[in-house]
$ cat coords-v5.cif   # mmCIF, C-alpha atoms and all ligand atoms
data_run
#
loop_
_atom_site.group_PDB
_atom_site.id
_atom_site.type_symbol
_atom_site.label_atom_id
_atom_site.label_comp_id
_atom_site.auth_asym_id
_atom_site.auth_seq_id
_atom_site.Cartn_x
_atom_site.Cartn_y
_atom_site.Cartn_z
ATOM 1 C CA MET P 1 -14.317 -29.175 -5.815
ATOM 2 C CA PRO P 2 -12.989 -25.780 -4.778
ATOM 3 C CA GLU P 3 -14.225 -22.919 -6.924
ATOM 4 C CA LEU P 4 -13.262 -19.262 -7.103
ATOM 5 C CA PRO P 5 -14.400 -18.343 -3.532
ATOM 6 C CA GLU P 6 -12.331 -21.090 -1.874
ATOM 7 C CA ILE P 7 -9.338 -20.396 -4.122
ATOM 8 C CA THR P 8 -9.597 -16.652 -3.393
ATOM 9 C CA VAL P 9 -9.637 -17.278 0.356
ATOM 10 C CA LEU P 10 -6.517 -19.449 0.055
ATOM 11 C CA ALA P 11 -4.733 -17.021 -2.265
ATOM 12 C CA ARG P 12 -5.393 -14.041 0.022
ATOM 13 C CA GLN P 13 -4.083 -15.902 3.054
ATOM 14 C CA MET P 14 -1.042 -17.064 1.093
ATOM 15 C CA ASN P 15 -0.402 -13.562 -0.150
ATOM 16 C CA LYS P 16 -0.387 -12.292 3.421
ATOM 17 C CA GLU P 17 1.749 -15.101 4.788
ATOM 18 C CA LEU P 18 4.281 -15.801 2.043
ATOM 19 C CA GLN P 19 5.342 -12.432 0.715
ATOM 20 C CA ASP P 20 9.124 -11.950 0.466
ATOM 21 C CA LYS P 21 9.821 -15.526 1.540
ATOM 22 C CA GLN P 22 12.672 -17.304 -0.201
ATOM 23 C CA VAL P 23 12.319 -20.910 -1.360
ATOM 24 C CA ALA P 24 14.808 -23.236 0.360
ATOM 25 C CA LYS P 25 13.673 -26.665 -0.834
ATOM 26 C CA ILE P 26 10.859 -28.760 -2.203
ATOM 27 C CA GLU P 27 9.816 -32.353 -1.733
ATOM 28 C CA SER P 28 7.650 -34.122 -4.276
ATOM 29 C CA LYS P 29 6.214 -37.544 -3.500
ATOM 30 C CA GLN P 30 4.089 -37.627 -6.630
ATOM 31 C CA PRO P 31 6.202 -36.226 -9.487
ATOM 32 C CA LYS P 32 3.284 -36.560 -11.941
ATOM 33 C CA ASN P 33 1.860 -33.362 -10.416
ATOM 34 C CA LEU P 34 4.873 -31.397 -11.626
ATOM 35 C CA ASN P 35 5.490 -30.199 -15.174
ATOM 36 C CA MET P 36 9.159 -31.198 -15.123
ATOM 37 C CA PRO P 37 11.347 -33.748 -13.331
ATOM 38 C CA PRO P 38 11.553 -33.019 -9.572
ATOM 39 C CA GLU P 39 15.324 -32.393 -9.687
ATOM 40 C CA GLU P 40 14.927 -29.762 -12.389
ATOM 41 C CA PHE P 41 11.939 -28.247 -10.587
ATOM 42 C CA ALA P 42 13.923 -28.021 -7.336
ATOM 43 C CA LYS P 43 16.916 -26.474 -9.052
ATOM 44 C CA LYS P 44 14.814 -23.833 -10.794
ATOM 45 C CA ILE P 45 12.692 -22.796 -7.809
ATOM 46 C CA LYS P 46 15.411 -22.754 -5.151
ATOM 47 C CA GLY P 47 16.430 -19.278 -4.053
ATOM 48 C CA LYS P 48 13.481 -17.553 -5.687
ATOM 49 C CA THR P 49 11.393 -15.134 -3.642
ATOM 50 C CA ILE P 50 7.600 -14.912 -3.567
ATOM 51 C CA THR P 51 6.281 -11.474 -4.354
ATOM 52 C CA ASN P 52 2.575 -11.976 -4.779
ATOM 53 C CA THR P 53 -0.166 -14.625 -4.771
ATOM 54 C CA GLN P 54 -3.546 -14.379 -6.410
ATOM 55 C CA ALA P 55 -6.504 -16.437 -7.596
ATOM 56 C CA ARG P 56 -7.157 -16.822 -11.289
ATOM 57 C CA GLY P 57 -10.271 -18.897 -11.692
ATOM 58 C CA LYS P 58 -9.669 -22.207 -9.964
ATOM 59 C CA TRP P 59 -5.886 -21.682 -10.077
ATOM 60 C CA ILE P 60 -3.492 -20.064 -7.631
ATOM 61 C CA PHE P 61 -0.808 -17.950 -9.282
ATOM 62 C CA ILE P 62 2.284 -17.393 -7.161
ATOM 63 C CA LYS P 63 4.705 -14.862 -8.596
ATOM 64 C CA LEU P 64 8.345 -15.661 -7.979
ATOM 65 C CA GLN P 65 11.153 -13.174 -8.328
ATOM 66 C CA PRO P 66 12.814 -13.222 -10.777
ATOM 67 C CA ASP P 67 10.565 -14.092 -13.713
ATOM 68 C CA TYR P 68 8.739 -17.293 -12.731
ATOM 69 C CA TYR P 69 5.246 -18.339 -11.683
ATOM 70 C CA LEU P 70 4.278 -21.290 -9.543
ATOM 71 C CA LEU P 71 0.786 -22.390 -10.594
ATOM 72 C CA LEU P 72 -1.295 -24.562 -8.270
ATOM 73 C CA ASN P 73 -4.534 -26.384 -8.968
ATOM 74 C CA LEU P 74 -6.223 -28.557 -6.351
ATOM 75 C CA GLY P 75 -8.165 -30.618 -8.881
ATOM 76 C CA MET P 76 -11.202 -32.321 -7.373
ATOM 77 C CA ASN P 77 -10.016 -31.346 -3.941
ATOM 78 C CA GLY P 78 -6.950 -31.090 -1.789
ATOM 79 C CA ASP P 79 -5.482 -29.603 1.337
ATOM 80 C CA LEU P 80 -3.116 -26.708 0.881
ATOM 81 C CA LEU P 81 -1.762 -26.029 4.350
ATOM 82 C CA TYR P 82 0.657 -23.595 5.929
ATOM 83 C CA PHE P 83 3.180 -24.726 8.503
ATOM 84 C CA ASN P 84 5.741 -23.023 10.671
ATOM 85 C CA PRO P 85 8.559 -24.304 12.901
ATOM 86 C CA LYS P 86 6.239 -24.416 15.928
ATOM 87 C CA GLN P 87 3.692 -26.524 14.137
ATOM 88 C CA ALA P 88 4.896 -29.584 12.264
ATOM 89 C CA PRO P 89 3.597 -30.171 8.735
ATOM 90 C CA PRO P 90 0.863 -32.813 8.324
ATOM 91 C CA GLN P 91 1.972 -36.448 8.006
ATOM 92 C CA LYS P 92 0.423 -37.003 4.613
ATOM 93 C CA TYR P 93 1.196 -34.810 1.658
ATOM 94 C CA HIS P 94 2.232 -35.063 -1.975
ATOM 95 C CA PHE P 95 4.257 -31.888 -2.129
ATOM 96 C CA LYS P 96 6.071 -29.733 0.372
ATOM 97 C CA LEU P 97 7.696 -26.381 -0.148
ATOM 98 C CA GLU P 98 9.904 -24.947 2.565
ATOM 99 C CA PHE P 99 11.259 -21.423 2.884
ATOM 100 C CA THR P 100 14.574 -20.284 4.327
ATOM 101 C CA ASP P 101 12.802 -19.271 7.567
ATOM 102 C CA LYS P 102 11.527 -22.883 8.031
ATOM 103 C CA THR P 103 7.918 -22.006 7.323
ATOM 104 C CA GLY P 104 6.249 -23.453 4.247
ATOM 105 C CA PHE P 105 3.225 -25.234 2.877
ATOM 106 C CA THR P 106 2.146 -28.740 1.979
ATOM 107 C CA LEU P 107 -0.257 -29.961 -0.665
ATOM 108 C CA ALA P 108 -2.236 -33.170 -0.320
ATOM 109 C CA PHE P 109 -4.462 -33.984 -3.253
ATOM 110 C CA GLN P 110 -7.545 -36.060 -2.836
ATOM 111 C CA TRP P 111 -7.385 -37.158 -6.433
ATOM 112 C CA PHE P 112 -4.961 -35.287 -8.622
ATOM 113 C CA GLY P 113 -3.711 -31.743 -8.934
ATOM 114 C CA TYR P 114 -1.129 -29.598 -10.654
ATOM 115 C CA ILE P 115 2.034 -27.894 -9.434
ATOM 116 C CA HIS P 116 3.568 -26.184 -12.436
ATOM 117 C CA LEU P 117 6.577 -23.940 -12.571
ATOM 118 C CA VAL P 118 6.382 -21.662 -15.597
ATOM 119 C CA ALA P 119 8.709 -18.934 -16.816
ATOM 120 C CA GLU P 120 6.891 -15.614 -16.984
ATOM 121 C CA LYS P 121 7.579 -15.290 -20.701
ATOM 122 C CA ASN P 122 5.875 -18.650 -21.335
ATOM 123 C CA LEU P 123 2.810 -17.970 -19.200
ATOM 124 C CA ASP P 124 0.523 -17.250 -22.165
ATOM 125 C CA LYS P 125 1.534 -20.544 -23.751
ATOM 126 C CA HIS P 126 0.835 -22.647 -20.651
ATOM 127 C CA LYS P 127 -1.640 -25.297 -21.831
ATOM 128 C CA LEU P 128 -3.890 -25.327 -18.783
ATOM 129 C CA THR P 129 -4.048 -21.638 -17.900
ATOM 130 C CA GLY P 130 -2.961 -19.747 -21.029
ATOM 131 C CA ARG P 131 -6.526 -19.434 -22.284
ATOM 132 C CA LEU P 132 -8.298 -18.895 -18.984
ATOM 133 C CA GLY P 133 -11.120 -16.366 -19.167
ATOM 134 C CA ILE P 134 -11.638 -13.408 -16.875
ATOM 135 C CA THR P 135 -11.901 -13.962 -13.118
ATOM 136 C CA PRO P 136 -15.048 -12.341 -11.654
ATOM 137 C CA THR P 137 -13.119 -10.855 -8.709
ATOM 138 C CA ASP P 138 -10.813 -8.946 -11.082
ATOM 139 C CA LYS P 139 -11.281 -5.209 -11.496
ATOM 140 C CA GLN P 140 -11.435 -5.788 -15.252
ATOM 141 C CA PHE P 141 -14.627 -7.826 -14.848
ATOM 142 C CA THR P 142 -17.043 -4.991 -15.616
ATOM 143 C CA LEU P 143 -20.562 -5.121 -17.029
ATOM 144 C CA GLU P 144 -19.132 -3.911 -20.351
ATOM 145 C CA THR P 145 -16.581 -6.729 -20.444
ATOM 146 C CA PHE P 146 -19.305 -9.229 -19.602
ATOM 147 C CA LYS P 147 -21.535 -7.929 -22.405
ATOM 148 C CA LYS P 148 -18.669 -8.237 -24.864
ATOM 149 C CA LEU P 149 -18.048 -11.815 -23.790
ATOM 150 C CA LEU P 150 -21.687 -12.700 -24.371
ATOM 151 C CA ALA P 151 -21.909 -11.004 -27.750
ATOM 152 C CA ASN P 152 -22.241 -13.387 -30.692
ATOM 153 C CA LYS P 153 -22.470 -16.453 -28.464
ATOM 154 C CA LYS P 154 -25.395 -18.812 -28.938
ATOM 155 C CA THR P 155 -24.923 -21.357 -26.213
ATOM 156 C CA GLY P 156 -26.861 -22.372 -23.097
ATOM 157 C CA ILE P 157 -26.104 -19.884 -20.337
ATOM 158 C CA LYS P 158 -24.951 -22.555 -17.899
ATOM 159 C CA ASN P 159 -22.467 -24.022 -20.390
ATOM 160 C CA PHE P 160 -21.259 -20.542 -21.173
ATOM 161 C CA LEU P 161 -20.539 -19.788 -17.505
ATOM 162 C CA LEU P 162 -18.931 -23.157 -16.785
ATOM 163 C CA ASN P 163 -16.567 -22.818 -19.746
ATOM 164 C CA GLN P 164 -13.367 -21.617 -18.064
ATOM 165 C CA LYS P 165 -12.297 -19.853 -21.256
ATOM 166 C CA ASN P 166 -15.193 -17.407 -20.832
ATOM 167 C CA ILE P 167 -15.328 -16.850 -17.086
ATOM 168 C CA ALA P 168 -12.785 -18.541 -14.843
ATOM 169 C CA GLY P 169 -13.674 -19.916 -11.446
ATOM 170 C CA ILE P 170 -17.357 -20.812 -11.540
ATOM 171 C CA GLY P 171 -18.191 -24.497 -11.213
ATOM 172 C CA ASN P 172 -21.272 -26.584 -10.638
ATOM 173 C CA VAL P 173 -21.624 -25.528 -6.995
ATOM 174 C CA TYR P 174 -21.919 -21.751 -7.152
ATOM 175 C CA ILE P 175 -23.584 -21.696 -10.564
ATOM 176 C CA GLN P 176 -26.864 -22.889 -9.031
ATOM 177 C CA ASP P 177 -27.597 -19.794 -6.969
ATOM 178 C CA THR P 178 -26.001 -17.525 -9.563
ATOM 179 C CA LEU P 179 -28.639 -18.554 -12.106
ATOM 180 C CA PHE P 180 -31.408 -18.407 -9.510
ATOM 181 C CA ARG P 181 -30.396 -14.901 -8.429
ATOM 182 C CA ALA P 182 -30.628 -13.831 -12.075
ATOM 183 C CA ARG P 183 -33.908 -15.783 -12.494
ATOM 184 C CA LEU P 184 -32.495 -17.654 -15.486
ATOM 185 C CA HIS P 185 -33.034 -21.247 -16.560
ATOM 186 C CA PRO P 186 -29.673 -23.024 -17.142
ATOM 187 C CA ASN P 187 -30.631 -23.812 -20.745
ATOM 188 C CA ARG P 188 -31.525 -20.253 -21.699
ATOM 189 C CA LYS P 189 -29.573 -19.307 -24.773
ATOM 190 C CA THR P 190 -27.093 -16.491 -24.278
ATOM 191 C CA ASN P 191 -28.351 -14.626 -27.352
ATOM 192 C CA THR P 192 -31.902 -14.427 -25.926
ATOM 193 C CA LEU P 193 -30.919 -12.460 -22.806
ATOM 194 C CA THR P 194 -32.383 -8.992 -22.500
ATOM 195 C CA PRO P 195 -30.071 -6.168 -21.360
ATOM 196 C CA GLN P 196 -31.813 -6.326 -17.951
ATOM 197 C CA GLU P 197 -31.214 -10.058 -17.690
ATOM 198 C CA THR P 198 -27.567 -9.649 -18.681
ATOM 199 C CA GLU P 199 -27.091 -7.068 -15.965
ATOM 200 C CA ALA P 200 -28.934 -9.232 -13.418
ATOM 201 C CA LEU P 201 -26.661 -12.143 -14.316
ATOM 202 C CA TYR P 202 -23.547 -9.992 -14.029
ATOM 203 C CA ASN P 203 -24.619 -8.853 -10.555
ATOM 204 C CA ALA P 204 -25.594 -12.409 -9.599
ATOM 205 C CA ILE P 205 -22.102 -13.705 -10.464
ATOM 206 C CA LYS P 206 -20.458 -11.046 -8.322
ATOM 207 C CA ASP P 207 -22.911 -11.333 -5.425
ATOM 208 C CA THR P 208 -22.676 -15.119 -5.249
ATOM 209 C CA VAL P 209 -18.880 -15.146 -5.354
ATOM 210 C CA ASN P 210 -18.495 -12.261 -2.895
ATOM 211 C CA GLN P 211 -20.934 -13.717 -0.370
ATOM 212 C CA ALA P 212 -19.038 -17.024 -0.384
ATOM 213 C CA ILE P 213 -15.659 -15.279 -0.037
ATOM 214 C CA LYS P 214 -16.975 -13.300 2.943
ATOM 215 C CA LEU P 215 -18.017 -16.565 4.581
ATOM 216 C CA GLY P 216 -14.576 -18.062 3.956
ATOM 217 C CA GLY P 217 -15.783 -20.566 1.350
ATOM 218 C CA LEU P 218 -17.620 -23.848 1.690
ATOM 219 C CA ALA P 219 -17.864 -25.528 5.071
ATOM 220 C CA TYR P 220 -16.369 -28.754 3.758
ATOM 221 C CA GLU P 221 -13.292 -27.050 2.310
ATOM 222 C CA LYS P 222 -10.259 -25.941 4.304
ATOM 223 C CA ASN P 223 -8.305 -22.708 4.199
ATOM 224 C CA PHE P 224 -4.513 -22.206 4.412
ATOM 225 C CA TYR P 225 -4.640 -22.652 8.197
ATOM 226 C CA GLY P 226 -6.738 -25.817 8.066
ATOM 227 C CA LYS P 227 -9.936 -24.045 9.155
ATOM 228 C CA HIS P 228 -13.218 -24.805 7.457
ATOM 229 C CA GLY P 229 -15.307 -22.197 5.651
ATOM 230 C CA GLN P 230 -18.660 -20.938 6.988
ATOM 231 C CA PHE P 231 -20.726 -21.371 3.836
ATOM 232 C CA THR P 232 -23.073 -24.182 4.848
ATOM 233 C CA ALA P 233 -26.021 -25.888 3.162
ATOM 234 C CA ASP P 234 -28.261 -23.221 4.756
ATOM 235 C CA HIS P 235 -26.623 -20.496 2.690
ATOM 236 C CA PHE P 236 -27.714 -21.996 -0.618
ATOM 237 C CA GLN P 237 -30.909 -20.538 -2.030
ATOM 238 C CA VAL P 238 -31.768 -23.326 -4.479
ATOM 239 C CA GLY P 239 -28.498 -25.278 -4.807
ATOM 240 C CA TYR P 240 -28.824 -28.832 -3.437
ATOM 241 C CA LYS P 241 -32.322 -28.038 -2.125
ATOM 242 C CA THR P 242 -34.441 -30.553 -4.039
ATOM 243 C CA ASP P 243 -38.116 -30.385 -2.911
ATOM 244 C CA LYS P 244 -37.455 -27.499 -0.513
ATOM 245 C CA PRO P 245 -39.513 -24.329 -1.061
ATOM 246 C CA CYS P 246 -38.108 -21.600 -3.290
ATOM 247 C CA PRO P 247 -37.039 -18.711 -0.997
ATOM 248 C CA ASP P 248 -38.905 -16.313 -3.265
ATOM 249 C CA CYS P 249 -42.179 -17.975 -4.298
ATOM 250 C CA GLY P 250 -42.416 -21.197 -2.289
ATOM 251 C CA THR P 251 -42.542 -23.508 -5.320
ATOM 252 C CA LYS P 252 -40.718 -26.811 -4.798
ATOM 253 C CA ILE P 253 -37.136 -26.702 -6.057
ATOM 254 C CA GLN P 254 -36.363 -29.254 -8.733
ATOM 255 C CA LYS P 255 -33.189 -31.118 -9.565
ATOM 256 C CA ILE P 256 -32.885 -31.461 -13.334
ATOM 257 C CA ARG P 257 -30.290 -32.786 -15.747
ATOM 258 C CA THR P 258 -28.703 -30.158 -17.963
ATOM 259 C CA GLY P 259 -26.259 -31.755 -20.361
ATOM 260 C CA THR P 260 -23.697 -33.599 -18.274
ATOM 261 C CA THR P 261 -24.415 -31.730 -15.045
ATOM 262 C CA ALA P 262 -27.221 -31.533 -12.499
ATOM 263 C CA SER P 263 -29.026 -28.257 -11.957
ATOM 264 C CA TYR P 264 -31.234 -27.047 -9.113
ATOM 265 C CA ILE P 265 -33.906 -24.596 -10.137
ATOM 266 C CA CYS P 266 -37.199 -23.053 -9.114
ATOM 267 C CA PRO P 267 -39.396 -23.976 -12.115
ATOM 268 C CA LYS P 268 -41.548 -20.899 -11.543
ATOM 269 C CA CYS P 269 -38.816 -18.272 -11.066
ATOM 270 C CA GLN P 270 -36.552 -19.801 -13.727
ATOM 271 C CA PRO P 271 -38.878 -20.961 -16.531
ATOM 272 C CA GLU P 272 -37.275 -22.687 -19.488
ATOM 273 C CA THR P 273 -39.341 -20.847 -22.052
ATOM 274 C CA HIS P 274 -39.664 -17.115 -21.889
ATOM 275 C CA THR P 275 -41.714 -14.518 -23.661
HETATM 276 ZN ZN ZN P 301 -39.467 -19.436 -7.111
#
$ encode --input "coords-v5.cif" --output "structure tokens"
Amino acid sequence: MPELPEITVLARQMNKELQDKQVAKIESKQPKNLNMPPEEFAKKIKGKTITNTQARGKWIFIKLQPDYYLLLNLGMNGDLLYFNPKQAPPQKYHFKLEFTDKTGFTLAFQWFGYIHLVAEKNLDKHKLTGRLGITPTDKQFTLETFKKLLANKKTGIKNFLLNQKNIAGIGNVYIQDTLFRARLHPNRKTNTLTPQETEALYNAIKDTVNQAIKLGGLAYEKNFYGKHGQFTADHFQVGYKTDKPCPDCGTKIQKIRTGTTASYICPKCQPETHT
């Protein structure tokens, strides 16, 4: 499932490629992905111009002039691919958007995804994104903001970070090394973190996300041009490394169940109980 790094890579490439392009037509083969009937969707989006594209958590926000947003979510996974007149679009897709200059993009979902057209004035009320938390790549994501988010919360740190209403964009892939970098057990309660641990966690979130963005995202995910990312299994420190030595202390990495998700931890560097 693509997380913030993969979505950021896509959004940056889209922002570069699609600015000032005017929507000519859409094709929807799976209308359930849309938030309105395809005819209405087509009528509303036609003629609008893209001004800006950015990642918000696991969502892509495309700003359309005037006053609309196109919101994309790849769900479990999907290919979001650019095409131009020299290079035909892929054979299989669920959604295609074409611009007046004959370039465009296609979306092929592996399972299910969302393509929602929302008026700017209704953005806050959008059910799936209206309550999204802060995105760690945003300038507003400061240590102070992070501290405020944690204040008065008494939940396990992993659940806190996975809850998209707190922080948007972290999923069960990148959380593993984030917690390891901060030397925190997934079940540590948020209200037991020392100021040093809070700061370490803040830095760990940013470092993990930024490293993955630099590498273009996960090797099994594709970018806007169909190229795979460079973040391979070797780049994980403890994630998916059951029985491999901890890069810090050499202790065998364990896979444990934490609530409904699996976690990979070094039992020595990330003890469950702390003093
Ligand atoms: Zn260790």
$ residues_around --input "coords-v5.cif" --residues "Val23 in chain P" --least-positions-apart "5" --cutoff "12 Å" --atoms "only C-alpha atoms" --output "PyMOL selection string"
chain P and resi 18+41-51+64-65+70+96-105
$ closest_atom_pairs --input "coords-v5.cif" --of "chain P" --to "ligand ZN 301 (chain P)" --cutoff "8 Å" --atoms "all atoms listed in the file" --output "Markdown table"
| residue | atom | partner | partner_atom | distance |
| --- | --- | --- | --- | --- |
| P:Pro245 | CA | P:ZN301 | ZN | 7.8 |
| P:Cys246 | CA | P:ZN301 | ZN | 4.6 |
| P:Pro247 | CA | P:ZN301 | ZN | 6.6 |
| P:Asp248 | CA | P:ZN301 | ZN | 5.0 |
| P:Cys249 | CA | P:ZN301 | ZN | 4.2 |
| P:Gly250 | CA | P:ZN301 | ZN | 5.9 |
| P:Thr251 | CA | P:ZN301 | ZN | 5.4 |
| P:Lys252 | CA | P:ZN301 | ZN | 7.8 |
| P:Ile253 | CA | P:ZN301 | ZN | 7.7 |
| P:Cys266 | CA | P:ZN301 | ZN | 4.7 |
| P:Pro267 | CA | P:ZN301 | ZN | 6.8 |
| P:Lys268 | CA | P:ZN301 | ZN | 5.1 |
| P:Cys269 | CA | P:ZN301 | ZN | 4.2 |
| P:Gln270 | CA | P:ZN301 | ZN | 7.2 |
$ atom_distance --input "coords-v5.cif" --atom1 "CA of Pro31 in chain P" --atom2 "CA of His116 in chain P"
10.8 Å
$ resolve_selection --input "coords-v5.cif" --expression "the PyMOL selection byres (((chain P and resi 232) around 10) and not hetatm)" --output "list of chain:residue names"
P:Ala212, P:Leu215, P:Gly217, P:Leu218, P:Ala219, P:Tyr220, P:Gly229, P:Gln230, P:Phe231, P:Ala233, P:Asp234, P:His235, P:Phe236
$ closest_residue --input "coords-v5.cif" --among "P:Glu17, P:Pro195, P:Pro136, P:Arg183" --to "Ile167 in chain P" --atoms "all atoms listed in the file"
P:Pro136
$ resolve_selection --input "coords-v5.cif" --expression "the PyMOL selection byres (((chain P and resi 111) around 9) and not hetatm)" --output "tab-separated table (two decimals) with C-alpha atoms, keeping the file's coordinate frame"
chain	number	residue	atom	x	y	z
P	74	LEU	CA	-6.22	-28.56	-6.35
P	75	GLY	CA	-8.16	-30.62	-8.88
P	76	MET	CA	-11.20	-32.32	-7.37
P	77	ASN	CA	-10.02	-31.35	-3.94
P	78	GLY	CA	-6.95	-31.09	-1.79
P	108	ALA	CA	-2.24	-33.17	-0.32
P	109	PHE	CA	-4.46	-33.98	-3.25
P	110	GLN	CA	-7.54	-36.06	-2.84
P	112	PHE	CA	-4.96	-35.29	-8.62
P	113	GLY	CA	-3.71	-31.74	-8.93
$ closest_residue --input "coords-v5.cif" --among "P:Thr135, P:Thr194, P:Thr261, P:Asn152" --to "Ala168 in chain P" --atoms "all atoms listed in the file"
P:Thr135
$ atom_distance --input "coords-v5.cif" --atom1 "CA of Glu120 in chain P" --atom2 "CA of Tyr68 in chain P"
4.9 Å
$ residues_around --input "coords-v5.cif" --residues "Lys147 in chain P" --least-positions-apart "5" --cutoff "12 Å" --atoms "all atoms listed in the file" --output "ChimeraX atom specification"
/P:141-142,152-153,166,190-191,193-202
$ resolve_selection --input "coords-v5.cif" --expression "the PyMOL selection byres (((chain P and resi 171-176) around 10) and not hetatm)" --output "number ranges by chain"
P: 1-5, 57-58, 158, 161-164, 168-170, 177-181, 185-186, 204-205, 208-209, 212, 218, 236-240, 261-265
$ write_last_selection --input "coords-v5.cif" --atoms "C-alpha atoms" --output "PDB file, keeping the file's coordinate frame"
ATOM      1  CA  MET P   1     -14.317 -29.175  -5.815  1.00  0.00           C
ATOM      2  CA  PRO P   2     -12.989 -25.780  -4.778  1.00  0.00           C
ATOM      3  CA  GLU P   3     -14.225 -22.919  -6.924  1.00  0.00           C
ATOM      4  CA  LEU P   4     -13.262 -19.262  -7.103  1.00  0.00           C
ATOM      5  CA  PRO P   5     -14.400 -18.343  -3.532  1.00  0.00           C
ATOM      6  CA  GLY P  57     -10.271 -18.897 -11.692  1.00  0.00           C
ATOM      7  CA  LYS P  58      -9.669 -22.207  -9.964  1.00  0.00           C
ATOM      8  CA  LYS P 158     -24.951 -22.555 -17.899  1.00  0.00           C
ATOM      9  CA  LEU P 161     -20.539 -19.788 -17.505  1.00  0.00           C
ATOM     10  CA  LEU P 162     -18.931 -23.157 -16.785  1.00  0.00           C
ATOM     11  CA  ASN P 163     -16.567 -22.818 -19.746  1.00  0.00           C
ATOM     12  CA  GLN P 164     -13.367 -21.617 -18.064  1.00  0.00           C
ATOM     13  CA  ALA P 168     -12.785 -18.541 -14.843  1.00  0.00           C
ATOM     14  CA  GLY P 169     -13.674 -19.916 -11.446  1.00  0.00           C
ATOM     15  CA  ILE P 170     -17.357 -20.812 -11.540  1.00  0.00           C
ATOM     16  CA  ASP P 177     -27.597 -19.794  -6.969  1.00  0.00           C
ATOM     17  CA  THR P 178     -26.001 -17.525  -9.563  1.00  0.00           C
ATOM     18  CA  LEU P 179     -28.639 -18.554 -12.106  1.00  0.00           C
ATOM     19  CA  PHE P 180     -31.408 -18.407  -9.510  1.00  0.00           C
ATOM     20  CA  ARG P 181     -30.396 -14.901  -8.429  1.00  0.00           C
ATOM     21  CA  HIS P 185     -33.034 -21.247 -16.560  1.00  0.00           C
ATOM     22  CA  PRO P 186     -29.673 -23.024 -17.142  1.00  0.00           C
ATOM     23  CA  ALA P 204     -25.594 -12.409  -9.599  1.00  0.00           C
ATOM     24  CA  ILE P 205     -22.102 -13.705 -10.464  1.00  0.00           C
ATOM     25  CA  THR P 208     -22.676 -15.119  -5.249  1.00  0.00           C
ATOM     26  CA  VAL P 209     -18.880 -15.146  -5.354  1.00  0.00           C
ATOM     27  CA  ALA P 212     -19.038 -17.024  -0.384  1.00  0.00           C
ATOM     28  CA  LEU P 218     -17.620 -23.848   1.690  1.00  0.00           C
ATOM     29  CA  PHE P 236     -27.714 -21.996  -0.618  1.00  0.00           C
ATOM     30  CA  GLN P 237     -30.909 -20.538  -2.030  1.00  0.00           C
ATOM     31  CA  VAL P 238     -31.768 -23.326  -4.479  1.00  0.00           C
ATOM     32  CA  GLY P 239     -28.498 -25.278  -4.807  1.00  0.00           C
ATOM     33  CA  TYR P 240     -28.824 -28.832  -3.437  1.00  0.00           C
ATOM     34  CA  THR P 261     -24.415 -31.730 -15.045  1.00  0.00           C
ATOM     35  CA  ALA P 262     -27.221 -31.533 -12.499  1.00  0.00           C
ATOM     36  CA  SER P 263     -29.026 -28.257 -11.957  1.00  0.00           C
ATOM     37  CA  TYR P 264     -31.234 -27.047  -9.113  1.00  0.00           C
ATOM     38  CA  ILE P 265     -33.906 -24.596 -10.137  1.00  0.00           C
TER      39      ILE P 265
END
$ closest_residue --input "coords-v5.cif" --among "P:Ile256, P:Ile26, P:Ile115, P:Met14" --to "Asn52 in chain P" --atoms "all atoms listed in the file"
P:Met14
$ closest_residue --input "coords-v5.cif" --among "P:Ile60, P:Ala55, P:Leu34, P:Ile134" --to "His94 in chain P" --atoms "only C-alpha atoms"
P:Leu34
